[in-house]
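Asker: Enclosed is the structure file data-v1.cif (mmCIF, C-alpha atoms).
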data_model
loop_
_atom_site.group_PDB
_atom_site.id
_atom_site.type_symbol
_atom_site.label_atom_id
_atom_site.label_comp_id
_atom_site.auth_asym_id
_atom_site.auth_seq_id
_atom_site.Cartn_x
_atom_site.Cartn_y
_atom_site.Cartn_z
ATOM 1 C CA LEU A 152 0.000 0.000 0.000
ATOM 2 C CA THR A 153 2.811 2.419 0.829
ATOM 3 C CA ASN A 154 5.736 1.205 -1.359
ATOM 4 C CA CYS A 155 7.861 0.963 1.768
ATOM 5 C CA THR A 156 10.902 -1.155 2.510
ATOM 6 C CA PHE A 157 10.703 -4.494 4.309
ATOM 7 C CA ILE A 158 11.866 -2.975 7.605
ATOM 8 C CA GLU A 159 9.325 -0.165 7.303
ATOM 9 C CA ALA A 160 6.622 -2.710 6.487
ATOM 10 C CA VAL A 161 7.391 -4.695 9.646
ATOM 11 C CA ASP A 162 7.066 -1.528 11.704
ATOM 12 C CA ILE A 163 3.722 -0.651 10.077
ATOM 13 C CA LEU A 164 2.237 -4.145 10.358
ATOM 14 C CA GLN A 165 3.132 -4.426 14.020
ATOM 15 C CA LYS A 166 0.604 -1.657 14.674
ATOM 16 C CA PHE A 167 -2.244 -3.764 13.315
ATOM 17 C CA ALA A 168 -2.914 -5.845 16.414
ATOM 18 C CA PRO A 169 -6.227 -7.639 17.027
ATOM 19 C CA ILE A 170 -8.774 -5.567 18.949
ATOM 20 C CA GLU A 171 -10.045 -6.735 22.315
ATOM 21 C CA GLN A 172 -13.792 -6.583 22.840
ATOM 22 C CA THR A 173 -15.819 -7.794 25.782
ATOM 23 C CA SER A 174 -18.213 -9.663 23.531
ATOM 24 C CA THR A 175 -18.227 -8.989 19.794
ATOM 25 C CA PHE A 176 -14.560 -9.089 18.790
ATOM 26 C CA SER A 177 -13.753 -11.453 15.946
ATOM 27 C CA PHE A 178 -10.275 -11.672 14.458
ATOM 28 C CA ILE A 179 -9.968 -13.495 11.139
ATOM 29 C CA GLY A 180 -8.599 -16.977 11.694
ATOM 30 C CA GLN A 181 -8.458 -16.574 15.466
ATOM 31 C CA ASN A 182 -10.676 -17.963 18.213
ATOM 32 C CA PRO A 183 -12.036 -14.949 20.127
ATOM 33 C CA LEU A 184 -11.996 -16.984 23.342
ATOM 34 C CA SER A 185 -8.219 -17.250 23.142
ATOM 35 C CA THR A 186 -7.720 -13.484 22.964
ATOM 36 C CA PRO A 187 -5.982 -12.002 26.018
ATOM 37 C CA LYS A 188 -8.355 -9.841 28.058
ATOM 38 C CA GLU A 189 -5.835 -7.520 29.648
ATOM 39 C CA SER A 190 -5.612 -5.115 26.691
ATOM 40 C CA LYS A 191 -8.546 -2.777 26.168
ATOM 41 C CA PHE A 192 -9.788 -1.364 22.893
ATOM 42 C CA ILE A 193 -10.242 2.391 23.163
ATOM 43 C CA ILE A 194 -11.486 4.610 20.329
ATOM 44 C CA THR A 195 -9.376 7.755 20.337
ATOM 45 C CA GLY A 196 -10.937 9.499 17.354
ATOM 46 C CA VAL A 197 -13.684 9.330 14.725
ATOM 47 C CA THR A 198 -13.123 11.375 11.567
ATOM 48 C CA PRO A 199 -14.177 11.477 7.907
ATOM 49 C CA LEU A 200 -12.136 9.153 5.704
ATOM 50 C CA LYS A 201 -8.739 10.603 4.858
ATOM 51 C CA SER A 202 -6.226 7.723 4.947
ATOM 52 C CA LYS A 203 -4.865 6.779 1.517
ATOM 53 C CA GLY A 204 -4.534 3.195 2.725
ATOM 54 C CA LEU A 205 -8.213 2.997 3.704
ATOM 55 C CA PHE A 206 -9.282 4.602 0.433
ATOM 56 C CA LYS A 207 -7.228 2.013 -1.427
ATOM 57 C CA TYR A 208 -8.913 -0.715 0.618
ATOM 58 C CA VAL A 209 -12.447 0.444 -0.237
ATOM 59 C CA HIS A 210 -11.451 0.930 -3.887
ATOM 60 C CA ASP A 211 -10.012 -2.595 -3.939
ATOM 61 C CA ARG A 212 -13.446 -3.733 -2.787
ATOM 62 C CA CYS A 213 -14.947 -1.704 -5.664
ATOM 63 C CA ILE A 214 -16.661 0.850 -3.439
ATOM 64 C CA SER A 215 -16.662 4.354 -4.899
ATOM 65 C CA THR A 216 -15.195 7.320 -3.066
ATOM 66 C CA ASN A 217 -18.590 9.072 -2.877
ATOM 67 C CA VAL A 218 -20.326 6.061 -1.316
ATOM 68 C CA ALA A 219 -17.451 5.393 1.083
ATOM 69 C CA MET A 220 -17.340 9.024 2.223
ATOM 70 C CA LYS A 221 -21.092 9.079 2.826
ATOM 71 C CA TYR A 222 -21.365 5.937 4.952
ATOM 72 C CA LEU A 223 -17.950 5.207 6.460
ATOM 73 C CA LYS A 224 -15.796 6.877 9.094
ATOM 74 C CA GLU A 225 -12.123 6.627 9.929
ATOM 75 C CA ILE A 226 -11.788 5.114 13.397
ATOM 76 C CA HIS A 227 -8.583 5.705 15.347
ATOM 77 C CA TYR A 228 -8.108 3.399 18.285
ATOM 78 C CA ARG A 229 -5.625 2.387 20.926
ATOM 79 C CA ARG A 230 -4.990 -1.090 22.270
ATOM 80 C CA GLY A 231 -2.455 -1.112 25.047
ATOM 81 C CA ASN A 232 0.354 1.127 23.786
ATOM 82 C CA LYS A 233 -0.407 0.513 20.105
ATOM 83 C CA ARG A 234 -2.363 2.949 17.959
ATOM 84 C CA THR A 235 -3.828 2.461 14.491
ATOM 85 C CA PHE A 236 -6.968 3.094 12.432
ATOM 86 C CA ALA A 237 -9.654 1.370 10.383
ATOM 87 C CA LEU A 238 -12.953 1.850 8.571
ATOM 88 C CA GLY A 239 -15.994 2.319 10.777
ATOM 89 C CA PHE A 240 -19.670 1.757 9.917
ATOM 90 C CA GLU A 241 -21.918 3.116 12.651
ATOM 91 C CA ASN A 242 -25.033 1.358 13.932
ATOM 92 C CA ASP A 243 -28.201 2.865 15.420
ATOM 93 C CA LYS A 244 -26.868 2.628 18.972
ATOM 94 C CA GLY A 245 -23.507 4.252 18.348
ATOM 95 C CA GLY A 246 -21.423 1.083 17.976
ATOM 96 C CA PHE A 247 -19.219 0.460 14.950
ATOM 97 C CA GLU A 248 -18.450 -2.342 12.560
ATOM 98 C CA ILE A 249 -14.711 -1.986 12.020
ATOM 99 C CA ARG A 250 -12.629 -3.181 9.080
ATOM 100 C CA ASN A 251 -9.191 -2.770 7.573
ATOM 101 C CA PRO A 252 -7.303 -5.053 5.178
ATOM 102 C CA TYR A 253 -5.978 -7.195 8.035
ATOM 103 C CA TRP A 254 -8.864 -7.815 10.427
ATOM 104 C CA LYS A 255 -12.507 -7.194 11.203
ATOM 105 C CA SER A 256 -14.130 -6.362 14.488
ATOM 106 C CA SER A 257 -16.995 -4.473 16.090
ATOM 107 C CA THR A 258 -17.542 -2.309 19.124
ATOM 108 C CA SER A 259 -20.328 -2.569 21.645
ATOM 109 C CA PRO A 260 -23.218 -2.260 21.399
ATOM 110 C CA LYS A 261 -23.626 -4.599 18.433
ATOM 111 C CA TRP A 262 -26.766 -3.534 16.594
ATOM 112 C CA ILE A 263 -28.472 -2.801 13.280
ATOM 113 C CA THR A 264 -28.031 0.256 11.062
ATOM 114 C CA THR A 265 -31.191 1.832 9.643
ATOM 115 C CA PHE A 266 -31.638 4.244 6.730
ATOM 116 C CA PRO A 267 -35.305 5.295 6.762
ATOM 117 C CA VAL A 268 -37.166 6.504 3.671
ATOM 118 C CA SER A 269 -40.483 8.297 4.155
ATOM 119 C CA ASN A 270 -43.609 6.420 3.029
ATOM 120 C CA SER A 271 -41.580 3.356 2.058
ATOM 121 C CA ASN A 272 -43.679 0.203 1.741
ATOM 122 C CA THR A 273 -40.635 -1.874 0.810
ATOM 123 C CA LEU A 274 -37.733 -2.763 3.087
ATOM 124 C CA ASN A 275 -34.218 -3.571 1.893
ATOM 125 C CA LEU A 276 -32.409 -5.960 4.220
ATOM 126 C CA PHE A 277 -28.652 -6.560 4.075
ATOM 127 C CA GLU A 278 -26.487 -8.903 6.082
ATOM 128 C CA GLY A 279 -23.355 -6.732 6.157
ATOM 129 C CA PHE A 280 -22.389 -3.166 5.327
ATOM 130 C CA PHE A 281 -20.014 -3.997 2.457
ATOM 131 C CA ASP A 282 -22.938 -5.660 0.684
ATOM 132 C CA PHE A 283 -25.061 -2.558 1.234
ATOM 133 C CA LEU A 284 -22.291 -0.316 -0.133
ATOM 134 C CA SER A 285 -21.793 -2.727 -3.039
ATOM 135 C CA SER A 286 -25.489 -2.505 -3.946
ATOM 136 C CA CYS A 287 -25.278 1.297 -4.023
ATOM 137 C CA CYS A 288 -22.373 1.074 -6.470
ATOM 138 C CA PHE A 289 -24.023 -1.701 -8.495
ATOM 139 C CA PHE A 290 -27.272 0.239 -8.949
ATOM 140 C CA GLY A 291 -25.522 3.604 -9.377
ATOM 141 C CA ILE A 292 -27.080 5.323 -6.354
ATOM 142 C CA THR A 293 -25.757 6.996 -3.219
ATOM 143 C CA GLU A 294 -28.959 6.714 -1.150
ATOM 144 C CA PRO A 295 -31.395 3.788 -0.984
ATOM 145 C CA ARG A 296 -34.818 4.313 -2.541
ATOM 146 C CA ASN A 297 -36.511 2.174 0.136
ATOM 147 C CA THR A 298 -36.045 2.021 3.879
ATOM 148 C CA THR A 299 -32.936 -0.067 4.418
ATOM 149 C CA ILE A 300 -31.619 -2.053 7.356
ATOM 150 C CA VAL A 301 -28.087 -3.445 7.561
ATOM 151 C CA LEU A 302 -28.195 -6.214 10.163
ATOM 152 C CA ASN A 303 -24.409 -6.178 10.730
ATOM 153 C CA SER A 304 -24.918 -9.816 11.758
ATOM 154 C CA LEU A 305 -27.674 -12.327 11.018
ATOM 155 C CA SER A 306 -27.962 -12.789 14.769
ATOM 156 C CA ASN A 307 -29.750 -9.420 14.797
ATOM 157 C CA LEU A 308 -32.534 -10.660 12.517
ATOM 158 C CA ASN A 309 -34.779 -11.605 15.451
ATOM 159 C CA HIS A 310 -34.757 -7.978 16.586
ATOM 160 C CA VAL A 311 -36.380 -6.774 13.357
ATOM 161 C CA LEU A 312 -38.779 -9.606 12.461
ATOM 162 C CA GLU A 313 -41.764 -7.963 14.144
ATOM 163 C CA GLY A 314 -41.141 -4.654 12.393
ATOM 164 C CA ILE A 315 -40.811 -6.380 9.033
ATOM 165 C CA LYS A 316 -44.511 -7.259 9.181
ATOM 166 C CA SER A 317 -45.440 -3.616 8.536
ATOM 167 C CA TYR A 318 -43.928 -3.705 5.031
ATOM 168 C CA LYS A 319 -45.596 -5.002 1.884
ATOM 169 C CA GLN A 320 -42.321 -6.413 0.549
ATOM 170 C CA VAL A 321 -38.856 -7.182 1.831
ATOM 171 C CA ASN A 322 -35.882 -7.269 -0.540
ATOM 172 C CA ILE A 323 -33.211 -9.463 1.048
ATOM 173 C CA TYR A 324 -29.537 -9.477 0.066
ATOM 174 C CA PHE A 325 -28.020 -12.269 2.131
ATOM 175 C CA ASP A 326 -25.002 -14.504 1.584
ATOM 176 C CA ASN A 327 -25.406 -17.573 -0.589
ATOM 177 C CA ASP A 328 -24.901 -20.004 2.266
ATOM 178 C CA LYS A 329 -26.910 -22.045 4.750
ATOM 179 C CA ALA A 330 -27.243 -19.172 7.202
ATOM 180 C CA GLY A 331 -28.575 -16.903 4.472
ATOM 181 C CA LEU A 332 -31.121 -19.499 3.390
ATOM 182 C CA ASN A 333 -32.284 -20.004 6.976
ATOM 183 C CA ALA A 334 -32.699 -16.255 7.409
ATOM 184 C CA LYS A 335 -34.746 -16.092 4.215
ATOM 185 C CA LYS A 336 -36.963 -18.876 5.556
ATOM 186 C CA ASP A 337 -37.521 -17.029 8.837
ATOM 187 C CA ILE A 338 -38.670 -13.925 6.967
ATOM 188 C CA THR A 339 -40.889 -15.836 4.555
ATOM 189 C CA GLU A 340 -42.637 -17.602 7.428
ATOM 190 C CA ILE A 341 -43.971 -14.343 8.880
ATOM 191 C CA GLY A 342 -46.084 -13.916 5.738
ATOM 192 C CA VAL A 343 -44.440 -10.940 4.054
ATOM 193 C CA LYS A 344 -43.662 -10.902 0.327
ATOM 194 C CA VAL A 345 -39.965 -11.585 -0.186
ATOM 195 C CA PHE A 346 -37.747 -10.684 -3.122
ATOM 196 C CA ASP A 347 -34.475 -12.607 -2.989
ATOM 197 C CA GLY A 348 -31.794 -10.215 -4.209
ATOM 198 C CA SER A 349 -29.211 -12.976 -4.354
ATOM 199 C CA LYS A 350 -30.464 -13.504 -7.912
ATOM 200 C CA TYR A 351 -27.985 -10.749 -8.811
ATOM 201 C CA TYR A 352 -25.069 -12.866 -7.583
ATOM 202 C CA PRO A 353 -26.109 -16.541 -7.999
ATOM 203 C CA ASN A 354 -22.528 -17.677 -8.568
ATOM 204 C CA HIS A 355 -20.934 -15.572 -5.849
ATOM 205 C CA LYS A 356 -20.916 -15.609 -2.074
ATOM 206 C CA ASP A 357 -22.414 -12.135 -1.683
ATOM 207 C CA PHE A 358 -22.920 -8.751 -3.337
ATOM 208 C CA ASN A 359 -19.387 -7.522 -2.688
ATOM 209 C CA ASN A 360 -17.957 -10.768 -4.014
ATOM 210 C CA LEU A 361 -19.873 -10.091 -7.222
ATOM 211 C CA ILE A 362 -18.539 -6.611 -7.884
ATOM 212 C CA THR A 363 -14.971 -7.504 -6.928
ATOM 213 C CA GLY A 364 -14.980 -10.502 -9.225
ATOM 214 C CA GLY A 365 -14.686 -12.970 -6.379
ATOM 215 C CA GLU A 366 -11.537 -11.548 -4.786
ATOM 216 C CA TYR A 367 -13.145 -10.883 -1.366
#
With the file now loaded, output its structure as structure tokens.

Answerer:
Amino acid sequence: LTNCTFIEAVDILQKFAPIEQTSTFSFIGQNPLSTPKESKFIITGVTPLKSKGLFKYVHDRCISTNVAMKYLKEIHYRRGNKRTFALGFENDKGGFEIRNPYWKSSTSPKWITTFPVSNSNTLNLFEGFFDFLSSCCFFGITEPRNTTIVLNSLSNLNHVLEGIKSYKQVNIYFDNDKAGLNAKKDITEIGVKVFDGSKYYPNHKDFNNLITGGEY
């Protein structure tokens, strides 16, 4: 990302340590239960995106600058004596989904992110925020035309099932896996009309996997 030397790269990468969370931390390839608890994750700053490295990351995932700037923040954090930064996607309760090229995490409280649209009879439902951002880029929009909820985890689906009943139709954009199919079944069983948006990416894991050509 920075065209640095090997020694400089070692120094940079040492700053990207896994984040400790009391409940929702998940480091790629690592069992959260094995994470030491003595180091605390502390957000030291939340700013608009400005890091060239983070812009490169979102561009690598085929998210446009306009969409990234509208929905993502730059989160600076400290863990122990180490400081670094990442993308942040805020939920309705002030928590963040956090990503950079090396790990993914979230801060408490873990919750959904809602983008309401007045008089919307249709609800868009996404599993994760990169899929939501990918749909904006895919359809050439910067704001959803229907009320949209990003679950940030399928485990949050139960919190919105009752509210889903007030919509005439739900457009779902879940992963093409067993969990996504089970979530679709749960929504269908409450009697609402369901449009399965995975038809746009039948041969890919998810929406972002489609627009990146399967690289993520």

Asker: Taking the file as I've supplied it (selection: the PyMOL selection byres ((chain A and resi 269) around 12)), which residues are included? Please answer as an NGL selection string.

Answerer: :A and (266-268 or 270-274 or 295-299)

Asker: Could you tell me how far atom CA of A:Glu278 sits from atom CA of A:Phe240, in Å to one decimal place?

Answerer: 13.2 Å

Asker: So, with all atoms listed in the file as the atoms that count, which of A:Arg229, A:Gly279, A:Asn327, A:Arg212 lies closest to A:Gly365?

Answerer: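 Of all the options, A:Arg212 lies closest to A:Gly365.
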
Asker: Applying the PyMOL selection byres ((chain A and resi 244) around 8) to the file I just gave you, which residues come out? Please list them as JSON, numbers by chain.

Answerer: {"A": [242, 243, 245, 246, 260, 261, 262]}

Asker: At a cut-off of 9 Å, using all atoms listed in the file, what residues contact stretch 316-322 of chain A? Leave out same-chain residues fewer than 6 positions from it and give the result as a list in words.

Answerer: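 Close residues of stretch 316-322 of chain A: Ser271, Asn272, Thr273, Leu274, Asn275, Leu276, Phe277, Ile338, Ile341, Gly342, Val343, Lys344, Val345, Phe346, Asp347 and Gly348 of chain A.
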
Asker: Measure the distance from atom CA of A:Cys288 to atom CA of A:Lys255 in Å and round it to one decimal.

Answerer: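 These two atoms are separated by 21.9 Å.
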
Asker: Write out as a CSV table (one decimal) with C-alpha atoms, keeping the file's coordinate frame each polymer residue whose atoms come within 9 Å of A:Asn360, counting only C-alpha atoms; drop sequence neighbours fewer than 5 positions from it.

Answerer:
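around.csv written:
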chain,number,residue,atom,x,y,z
A,212,ARG,CA,-13.4,-3.7,-2.8
A,282,ASP,CA,-22.9,-5.7,0.7
A,285,SER,CA,-21.8,-2.7,-3.0
A,352,TYR,CA,-25.1,-12.9,-7.6
A,355,HIS,CA,-20.9,-15.6,-5.8
A,365,GLY,CA,-14.7,-13.0,-6.4
A,366,GLU,CA,-11.5,-11.5,-4.8
A,367,TYR,CA,-13.1,-10.9,-1.4

Asker: Rounded to one decimal, what separation in Å do you get between atom CA of A:Asn309 and atom CA of A:Asp337?

Answerer: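 These two atoms are separated by 9.0 Å.
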
Asker: Name the closest residue to A:Asn359 among the candidates A:Ile323, A:Val209, A:Leu312, A:Leu332; distances are taken between atoms, counting only C-alpha atoms.

Answerer: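 When distances to A:Asn359 are compared using only C-alpha atoms, the smallest one comes from A:Val209.
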